[in-house]
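Let me begin by presenting the structure, written as structure tokens, before commenting on it.
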Amino acid sequence: MAGSEDVNIVVVGCGIAGIAAAHRLVNSGFTNIQIIEATGRSGGRIKTGRLGDKVIEIGANWIHGPSEDNPVFCLARQYGLLDPEALTPENQALDTGGHPPWVTNIFSSSGRKLSIDDIYPAQEMFVELLNESSEFQNQQGEPCASVGDFIRSEVRQRSAEKWKDIDSASRSLQLCMISSMLKRECCVNGAHSLDEVGLGAFGQYQTIPGLDCMFPGGYEGLITNLMSELPGGLVSYNRPVRCVRWSNMEETRSTVMVECEDGERIIADHVIITVPLGYLKRHCSTLFQPPLPLHKLHSIQRLGFGTNNKIFVEFDEPWWDADCDVIQLVWEDEDALVDQVPDVQKSWIRKLFGFTVVKPTERYGYLVCGWIAGHESEYMETLPEQEVKHAITQLIHRFTGNPSITVRRILRSKWFHDPWTNGSYSHLALGCSEQDLENMMEPLPPKRSKAQPLQVLFAGEATHPCYFSTVHGALLSGWREANRLISHYSFSNAPECPTSKL
């Protein structure tokens with residue numbers, strides 16, 4: 001591209017958003033690009049690990065919506081990283097609406113294995129209410145501030161009518177099941193409680209058709225392939241950024257200075273910030289000079305960013321059915337519709353809604369992944385591994401009624417105490433709207449400024465208007481900011497943008 005040889009671009013963060021931005025810029029002829037990464041690895045919240053000889057995902061788990069509209073799926077297919085069944089037209093055409101048709105085993109705290117029929121009324125009502133929660137998007141006067149308030153209020157009203165002929169014990173069980181599903185939805189949203197998830201903007205998130213699939217060789221295979229197509233030496237590792245100095249003054253030409261913690265100062269024409277929202281929340285007051293405009297600062301603080309951790313648990317024998325995909329745990333004393341525990345230190349384990357079964361068995365053996373969100377999850381990170389293993393073992397003994405089940409080993413994620421993420425992913429919290437996401441992606445200086453444009457740009461999952469919290473949202477946001485610079489220097493040479501809801 002004409003003139004692009006002289007343009008210096010620094011990308012802060014070597015997660016999927018930063019890699020995607022650099023990839024597109026390099027392919028468009030920009031030659032002076034540098035990625036600065038605080039840690040010693042690429043990938044960010046895409047992080048593949050090992051439990052013995054088994055490949056497991058510490059971070060991003062699935063391709064959500066693996067079909068033609070999902071660029072992560074298209075790249076994974078191009079690189080040959082998926083199992084054949086994930087590539088079938090039938091798999092791509094299945095529109096689950098974010099709720100895959102998984103086979104569920106349900107266990108109660110009294111050691112009973114429940115049938116689907118036992119709790120079907122609760123499941124039906126909960127899915128109905130989740131769908132209704134998405135319908136207040138861009139409307140005025142939603143009935144409650146939060147998704148949690150709406151669901152609880154509606155369950156109480158509707159159950160009194162719909163379940164009036166059900167005996168009190170069965171009705172109590174339905175309400176306990178809804179508590180378990182509220183905890184599950186906390187994990188989906190990366191929130192401590194659905195009381196913190198705004199009702200008005202809940203429908204902002206959009207799903208893509210396709211049955212969610214995993215990378216058999218690990219999600220990091222996507223990172224490895226993308227990195228292999230970038231010039232060598234593009235990334236500087238173990239180099240945290242202390243401050244990004246930009247200008248809001250009207251000048252003929254302004255450069256941006258990136259100050260690193262090691263004292264190095266890098267001069268750039270443009271800087272693309274791709275750090276997680278959790279990190280921005282904690283450091284935005286010192287990370288930018290001059291400070292961010294108030295509307296951008298307020299959106300960073302208003303948007304939600306919570307913790308969702310995994311606890312992988314390995315067994316010698318399965319205690320679930322052969323066709324089981326999900327194990328759901330129902331506490332029979334939680335008919336008050338709760339998604340958080342009263343005493344985090346004493347009963348944090350209650351927040352774990354259940355497990356997904358890691359498949360296929362031939363590859364993984366008898367391995368499940370427990371899911372736990374919120375402050376309980378953050379507390380879990382601080383405990384010794386042996387204590388977590390003991391709590392999981394006691395939980396499984398109680399819910400199965402089988403004290404002979406032995407946990408071989410566990411491995412857990414710790415995203416809240418990772419200083420470069422400070423949590424897992426974003427959600428639209430109370431009082432948030434689409435405008436907050438637009439504020440997040442707005443470059444510096446703001447549009448009305450007469451200073452040199454596009455000094456600092458912003459990418460990452462929390463900047464995507466409808467795919468926030470996902471890998472494909474992060475990838476698309478990196479492409480979006482690269483395209484913004486490509487268009488700035490040459491409209492005629494800009495590559496065609498992929499069809500997506502950008």
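A note on labels: chains of the structure tokens are A, B, ... as shown, every chain counts residues from 1, and ligands are counted from 1 in their shown order.
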
With 8 Å as the cut-off and only C-alpha atoms counted, what is the closest atom pair between each nearby residue of range 81-142 of chain A and range 150-169 of chain A? Distances in Å to one decimal, ordered by chain and number, as a tab-separated table.
```
residue	atom	partner	partner_atom	distance
A:Met125	CA	A:Val155	CA	7.6
A:Phe126	CA	A:Ile151	CA	7.7
A:Leu129	CA	A:Ile151	CA	6.2
A:Leu130	CA	A:Ile151	CA	7.6
A:Ser133	CA	A:Phe150	CA	7.6
```

Which neighbours of range 174-190 of chain A fall inside 7 Å, counting only C-alpha atoms, when residues of the same chain fewer than 5 positions from it are skipped, and could you give them as an NGL selection string? :A and (119 or 121-122 or 126 or 305-308 or 329-335 or 337-339 or 351 or 353 or 371-373 or 424-427)

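Proximity to range 236-238 of chain A at 6 Å, evaluated using only C-alpha atoms and with sequence-adjacent residues fewer than 2 positions away removed, yields Ile36, Glu37, Ala38, Thr39 and Gly40 of chain A.
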
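Nearest residue to Asp195 in chain A, choosing from A:Gly304, A:Pro216, A:Gly460, A:Gly263 and counting only C-alpha atoms: A:Gly304.
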
When you count only C-alpha atoms, which of these residues is closest to Val7 in chain A: A:Asp149, A:Asp69, A:Asp269, A:Glu220? A:Asp269

So which one's closest to Ala482 in chain A, A:Pro71, A:Gly44, A:Gly18, A:Gly13? Using only C-alpha atoms, please.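 Between A:Pro71, A:Gly44, A:Gly18, A:Gly13, the residue approaching Ala482 in chain A most closely is A:Gly18.
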
Backbone-only DSSP, helix (DSSP H, G or I) members of range 267-430 of chain A, as a PDB file with C-alpha atoms, in the first residue's frame:
```
ATOM      1  CA  LEU A 277     -11.472  -4.937  29.926  1.00  0.00           C
ATOM      2  CA  GLY A 278     -10.551  -6.239  33.403  1.00  0.00           C
ATOM      3  CA  TYR A 279      -7.065  -4.795  32.989  1.00  0.00           C
ATOM      4  CA  LEU A 280      -8.442  -1.515  31.602  1.00  0.00           C
ATOM      5  CA  LYS A 281     -10.802  -1.170  34.564  1.00  0.00           C
ATOM      6  CA  ARG A 282      -7.906  -1.508  36.987  1.00  0.00           C
ATOM      7  CA  HIS A 283      -5.329   0.609  35.155  1.00  0.00           C
ATOM      8  CA  CYS A 284      -7.083   3.076  32.815  1.00  0.00           C
ATOM      9  CA  SER A 285      -6.478   6.036  35.138  1.00  0.00           C
ATOM     10  CA  THR A 286      -2.692   5.667  34.728  1.00  0.00           C
ATOM     11  CA  LEU A 287      -2.422   3.897  31.362  1.00  0.00           C
ATOM     12  CA  LEU A 294     -15.056  10.958  30.422  1.00  0.00           C
ATOM     13  CA  HIS A 295     -17.626   9.179  28.245  1.00  0.00           C
ATOM     14  CA  LYS A 296     -15.085   6.461  27.422  1.00  0.00           C
ATOM     15  CA  LEU A 297     -13.933   6.196  31.027  1.00  0.00           C
ATOM     16  CA  HIS A 298     -17.512   5.859  32.257  1.00  0.00           C
ATOM     17  CA  SER A 299     -18.253   3.096  29.744  1.00  0.00           C
ATOM     18  CA  ILE A 300     -15.153   1.157  30.845  1.00  0.00           C
ATOM     19  CA  GLN A 301     -16.346   1.347  34.447  1.00  0.00           C
ATOM     20  CA  ARG A 302     -20.019   0.615  33.608  1.00  0.00           C
ATOM     21  CA  VAL A 344     -18.232 -17.415  50.295  1.00  0.00           C
ATOM     22  CA  GLN A 345     -15.480 -18.889  52.480  1.00  0.00           C
ATOM     23  CA  LYS A 346     -17.656 -21.611  54.011  1.00  0.00           C
ATOM     24  CA  SER A 347     -19.767 -22.616  51.016  1.00  0.00           C
ATOM     25  CA  TRP A 348     -18.036 -21.427  47.823  1.00  0.00           C
ATOM     26  CA  ILE A 349     -18.422 -24.907  46.321  1.00  0.00           C
ATOM     27  CA  ARG A 350     -22.206 -24.391  46.106  1.00  0.00           C
ATOM     28  CA  LYS A 351     -21.669 -21.896  43.277  1.00  0.00           C
ATOM     29  CA  THR A 361     -13.674 -40.620  26.033  1.00  0.00           C
ATOM     30  CA  GLU A 362     -11.135 -42.371  23.774  1.00  0.00           C
ATOM     31  CA  ARG A 363      -9.084 -39.168  23.774  1.00  0.00           C
ATOM     32  CA  TYR A 364      -9.666 -37.813  27.280  1.00  0.00           C
ATOM     33  CA  GLY A 374     -18.270 -14.899  40.523  1.00  0.00           C
ATOM     34  CA  HIS A 375     -16.719 -14.057  43.877  1.00  0.00           C
ATOM     35  CA  GLU A 376     -16.931 -17.718  44.897  1.00  0.00           C
ATOM     36  CA  SER A 377     -14.751 -18.547  41.881  1.00  0.00           C
ATOM     37  CA  GLU A 378     -12.295 -15.795  42.801  1.00  0.00           C
ATOM     38  CA  TYR A 379     -12.051 -17.162  46.344  1.00  0.00           C
ATOM     39  CA  MET A 380     -11.521 -20.702  45.007  1.00  0.00           C
ATOM     40  CA  GLU A 381      -8.372 -19.448  43.234  1.00  0.00           C
ATOM     41  CA  THR A 382      -6.771 -18.588  46.587  1.00  0.00           C
ATOM     42  CA  GLU A 385      -5.116 -27.368  45.324  1.00  0.00           C
ATOM     43  CA  GLN A 386      -5.600 -30.163  47.858  1.00  0.00           C
ATOM     44  CA  GLU A 387      -8.430 -28.221  49.513  1.00  0.00           C
ATOM     45  CA  VAL A 388     -10.187 -27.714  46.174  1.00  0.00           C
ATOM     46  CA  LYS A 389      -9.757 -31.402  45.345  1.00  0.00           C
ATOM     47  CA  HIS A 390     -11.214 -32.371  48.729  1.00  0.00           C
ATOM     48  CA  ALA A 391     -14.219 -30.039  48.274  1.00  0.00           C
ATOM     49  CA  ILE A 392     -14.909 -31.481  44.804  1.00  0.00           C
ATOM     50  CA  THR A 393     -14.619 -35.050  46.119  1.00  0.00           C
ATOM     51  CA  GLN A 394     -17.049 -34.360  48.998  1.00  0.00           C
ATOM     52  CA  LEU A 395     -19.460 -32.677  46.572  1.00  0.00           C
ATOM     53  CA  ILE A 396     -19.498 -35.671  44.220  1.00  0.00           C
ATOM     54  CA  HIS A 397     -19.879 -38.150  47.095  1.00  0.00           C
ATOM     55  CA  ARG A 398     -22.874 -36.195  48.377  1.00  0.00           C
ATOM     56  CA  PHE A 399     -24.649 -35.773  45.048  1.00  0.00           C
ATOM     57  CA  THR A 400     -24.113 -39.314  43.791  1.00  0.00           C
TER      58      THR A 400
END
```

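Closest to His64 in chain A among A:Ala459, A:Ala201, A:Leu211, A:Cys243 is A:Leu211, based on only C-alpha atoms.
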
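CA of Phe73 in chain A is positioned 26.0 Å from CA of Glu434 in chain A.
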
Within 9 Å of Tyr467 in chain A, counting only C-alpha atoms, which residues show up once you throw out same-chain ones fewer than 2 positions away? Write them as a compact mmCIF listing (two decimals) with all heavy atoms, in the first residue's frame, please.
```
# COMPACT_ATOMS: atom_id res chain seq x y z
N GLN A 204 -28.56 -7.57 23.31
CA GLN A 204 -27.51 -7.04 22.43
C GLN A 204 -26.61 -8.16 21.90
O GLN A 204 -26.11 -8.10 20.78
CB GLN A 204 -26.67 -6.02 23.21
CG GLN A 204 -25.62 -5.29 22.41
CD GLN A 204 -26.21 -4.29 21.42
OE1 GLN A 204 -27.30 -3.79 21.62
NE2 GLN A 204 -25.49 -4.04 20.35
N TYR A 205 -26.39 -9.19 22.73
CA TYR A 205 -25.54 -10.32 22.33
C TYR A 205 -26.28 -11.15 21.28
O TYR A 205 -27.46 -11.43 21.40
CB TYR A 205 -25.22 -11.19 23.54
CG TYR A 205 -24.36 -12.39 23.21
CD1 TYR A 205 -22.98 -12.27 23.08
CD2 TYR A 205 -24.92 -13.65 22.98
CE1 TYR A 205 -22.18 -13.36 22.76
CE2 TYR A 205 -24.14 -14.75 22.67
CZ TYR A 205 -22.77 -14.60 22.55
OH TYR A 205 -21.99 -15.67 22.23
N GLN A 206 -25.55 -11.53 20.22
CA GLN A 206 -26.14 -12.33 19.15
C GLN A 206 -25.38 -13.64 18.98
O GLN A 206 -24.16 -13.69 19.16
CB GLN A 206 -26.14 -11.55 17.84
CG GLN A 206 -27.04 -10.31 17.89
CD GLN A 206 -27.02 -9.51 16.61
OE1 GLN A 206 -26.59 -9.99 15.58
NE2 GLN A 206 -27.50 -8.28 16.68
N THR A 207 -26.13 -14.68 18.65
CA THR A 207 -25.52 -15.99 18.41
C THR A 207 -25.39 -16.23 16.91
O THR A 207 -26.02 -15.56 16.09
CB THR A 207 -26.36 -17.11 19.04
OG1 THR A 207 -27.68 -17.08 18.47
CG2 THR A 207 -26.46 -16.94 20.55
N GLU A 461 -12.52 -8.36 22.80
CA GLU A 461 -13.90 -8.85 22.83
C GLU A 461 -14.87 -7.82 23.41
O GLU A 461 -16.02 -7.74 22.98
CB GLU A 461 -13.99 -10.19 23.57
CG GLU A 461 -13.39 -10.25 24.97
CD GLU A 461 -14.34 -9.82 26.08
OE1 GLU A 461 -15.52 -9.59 25.78
OE2 GLU A 461 -13.88 -9.70 27.22
N ALA A 462 -14.43 -7.04 24.38
CA ALA A 462 -15.32 -6.09 25.05
C ALA A 462 -15.63 -4.86 24.19
O ALA A 462 -16.38 -3.99 24.62
CB ALA A 462 -14.72 -5.64 26.38
N THR A 463 -15.06 -4.79 22.99
CA THR A 463 -15.35 -3.67 22.08
C THR A 463 -16.25 -4.10 20.92
O THR A 463 -16.53 -3.30 20.04
CB THR A 463 -14.05 -3.08 21.48
OG1 THR A 463 -13.52 -3.98 20.50
CG2 THR A 463 -13.02 -2.80 22.55
N HIS A 464 -16.68 -5.35 20.89
CA HIS A 464 -17.55 -5.79 19.79
C HIS A 464 -19.01 -5.59 20.17
O HIS A 464 -19.43 -5.99 21.25
CB HIS A 464 -17.30 -7.25 19.40
CG HIS A 464 -17.86 -7.57 18.05
ND1 HIS A 464 -19.22 -7.77 17.85
CD2 HIS A 464 -17.28 -7.65 16.82
CE1 HIS A 464 -19.44 -7.99 16.56
NE2 HIS A 464 -18.28 -7.92 15.92
N PRO A 465 -19.82 -4.98 19.28
CA PRO A 465 -21.18 -4.61 19.64
C PRO A 465 -22.14 -5.77 19.90
O PRO A 465 -23.12 -5.60 20.61
CB PRO A 465 -21.65 -3.77 18.45
CG PRO A 465 -20.77 -4.15 17.32
CD PRO A 465 -19.45 -4.50 17.94
N SER A 469 -17.45 -11.06 24.61
CA SER A 469 -17.17 -12.27 25.42
C SER A 469 -16.68 -13.46 24.60
O SER A 469 -16.35 -14.50 25.17
CB SER A 469 -18.38 -12.71 26.27
OG SER A 469 -19.33 -13.45 25.49
N THR A 470 -16.60 -13.31 23.26
CA THR A 470 -16.22 -14.46 22.42
C THR A 470 -14.90 -14.25 21.70
O THR A 470 -14.44 -13.11 21.51
CB THR A 470 -17.30 -14.73 21.35
OG1 THR A 470 -17.31 -13.64 20.41
CG2 THR A 470 -18.68 -14.89 21.97
N VAL A 471 -14.31 -15.36 21.25
CA VAL A 471 -13.08 -15.29 20.45
C VAL A 471 -13.37 -14.65 19.10
O VAL A 471 -12.59 -13.83 18.61
CB VAL A 471 -12.45 -16.69 20.28
CG1 VAL A 471 -11.23 -16.62 19.37
CG2 VAL A 471 -12.06 -17.27 21.63
N HIS A 472 -14.51 -15.02 18.48
CA HIS A 472 -14.79 -14.43 17.17
C HIS A 472 -15.05 -12.92 17.29
O HIS A 472 -14.70 -12.16 16.39
CB HIS A 472 -15.92 -15.15 16.43
CG HIS A 472 -17.22 -15.27 17.16
ND1 HIS A 472 -17.48 -16.28 18.05
CD2 HIS A 472 -18.35 -14.51 17.14
CE1 HIS A 472 -18.72 -16.16 18.53
NE2 HIS A 472 -19.25 -15.08 17.99
N GLY A 473 -15.63 -12.50 18.41
CA GLY A 473 -15.80 -11.06 18.63
C GLY A 473 -14.47 -10.34 18.73
O GLY A 473 -14.26 -9.28 18.15
N ALA A 474 -13.52 -10.95 19.46
CA ALA A 474 -12.17 -10.36 19.59
C ALA A 474 -11.47 -10.32 18.24
O ALA A 474 -10.86 -9.30 17.87
CB ALA A 474 -11.36 -11.18 20.59
N LEU A 476 -12.77 -10.32 15.18
CA LEU A 476 -13.41 -9.33 14.30
C LEU A 476 -13.05 -7.90 14.71
O LEU A 476 -12.89 -7.02 13.86
CB LEU A 476 -14.93 -9.52 14.31
CG LEU A 476 -15.45 -10.73 13.54
CD1 LEU A 476 -16.91 -11.01 13.89
CD2 LEU A 476 -15.30 -10.52 12.03
N LYS A 501 -21.44 -8.96 11.50
CA LYS A 501 -22.19 -7.90 12.18
C LYS A 501 -21.22 -7.00 12.92
O LYS A 501 -21.17 -7.00 14.14
CB LYS A 501 -23.19 -8.53 13.13
CG LYS A 501 -24.22 -9.39 12.42
CD LYS A 501 -24.96 -10.27 13.40
CE LYS A 501 -25.90 -11.22 12.67
NZ LYS A 501 -26.41 -12.26 13.54
N LEU A 502 -20.43 -6.26 12.17
CA LEU A 502 -19.46 -5.38 12.82
C LEU A 502 -20.10 -4.06 13.22
O LEU A 502 -20.88 -3.53 12.48
CB LEU A 502 -18.29 -5.11 11.86
CG LEU A 502 -17.26 -6.22 11.76
CD1 LEU A 502 -16.20 -5.87 10.77
CD2 LEU A 502 -16.62 -6.49 13.11
```

Among A:Ser404, A:Thr356, A:Asn439, A:Asn309, Gly423 in chain A is approached most closely, using only C-alpha atoms, by A:Asn309

For CA of Trp62 in chain A and CA of Asp117 in chain A, the interatomic separation in Å (one decimal):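 Interatomic distance, CA of Trp62 in chain A to CA of Asp117 in chain A: 28.8 Å.
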
Point-to-point distance from CA of Asp321 in chain A to CA of Asn105 in chain A, Å rounded to tenths: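 Between these atoms lies a distance of 7.3 Å.
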
Pick from A:Gln328, A:Asn91, A:Thr406, A:Gln340, whichever lies nearest to Tyr366 in chain A using only C-alpha atoms: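 Result for the nearest residue to Tyr366 in chain A: A:Thr406.
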
DSSP on the backbone: what in range 26-59 of chain A comes out strand (DSSP E), as a PyMOL selection string? chain A and resi 32-36+48-51+54-57

Using only C-alpha atoms, which protein or nucleic acid residues come within 6 Å of Val10 in chain A? Drop anything in the same chain fewer than 3 positions from it, and give the result as a count of residues only. 4
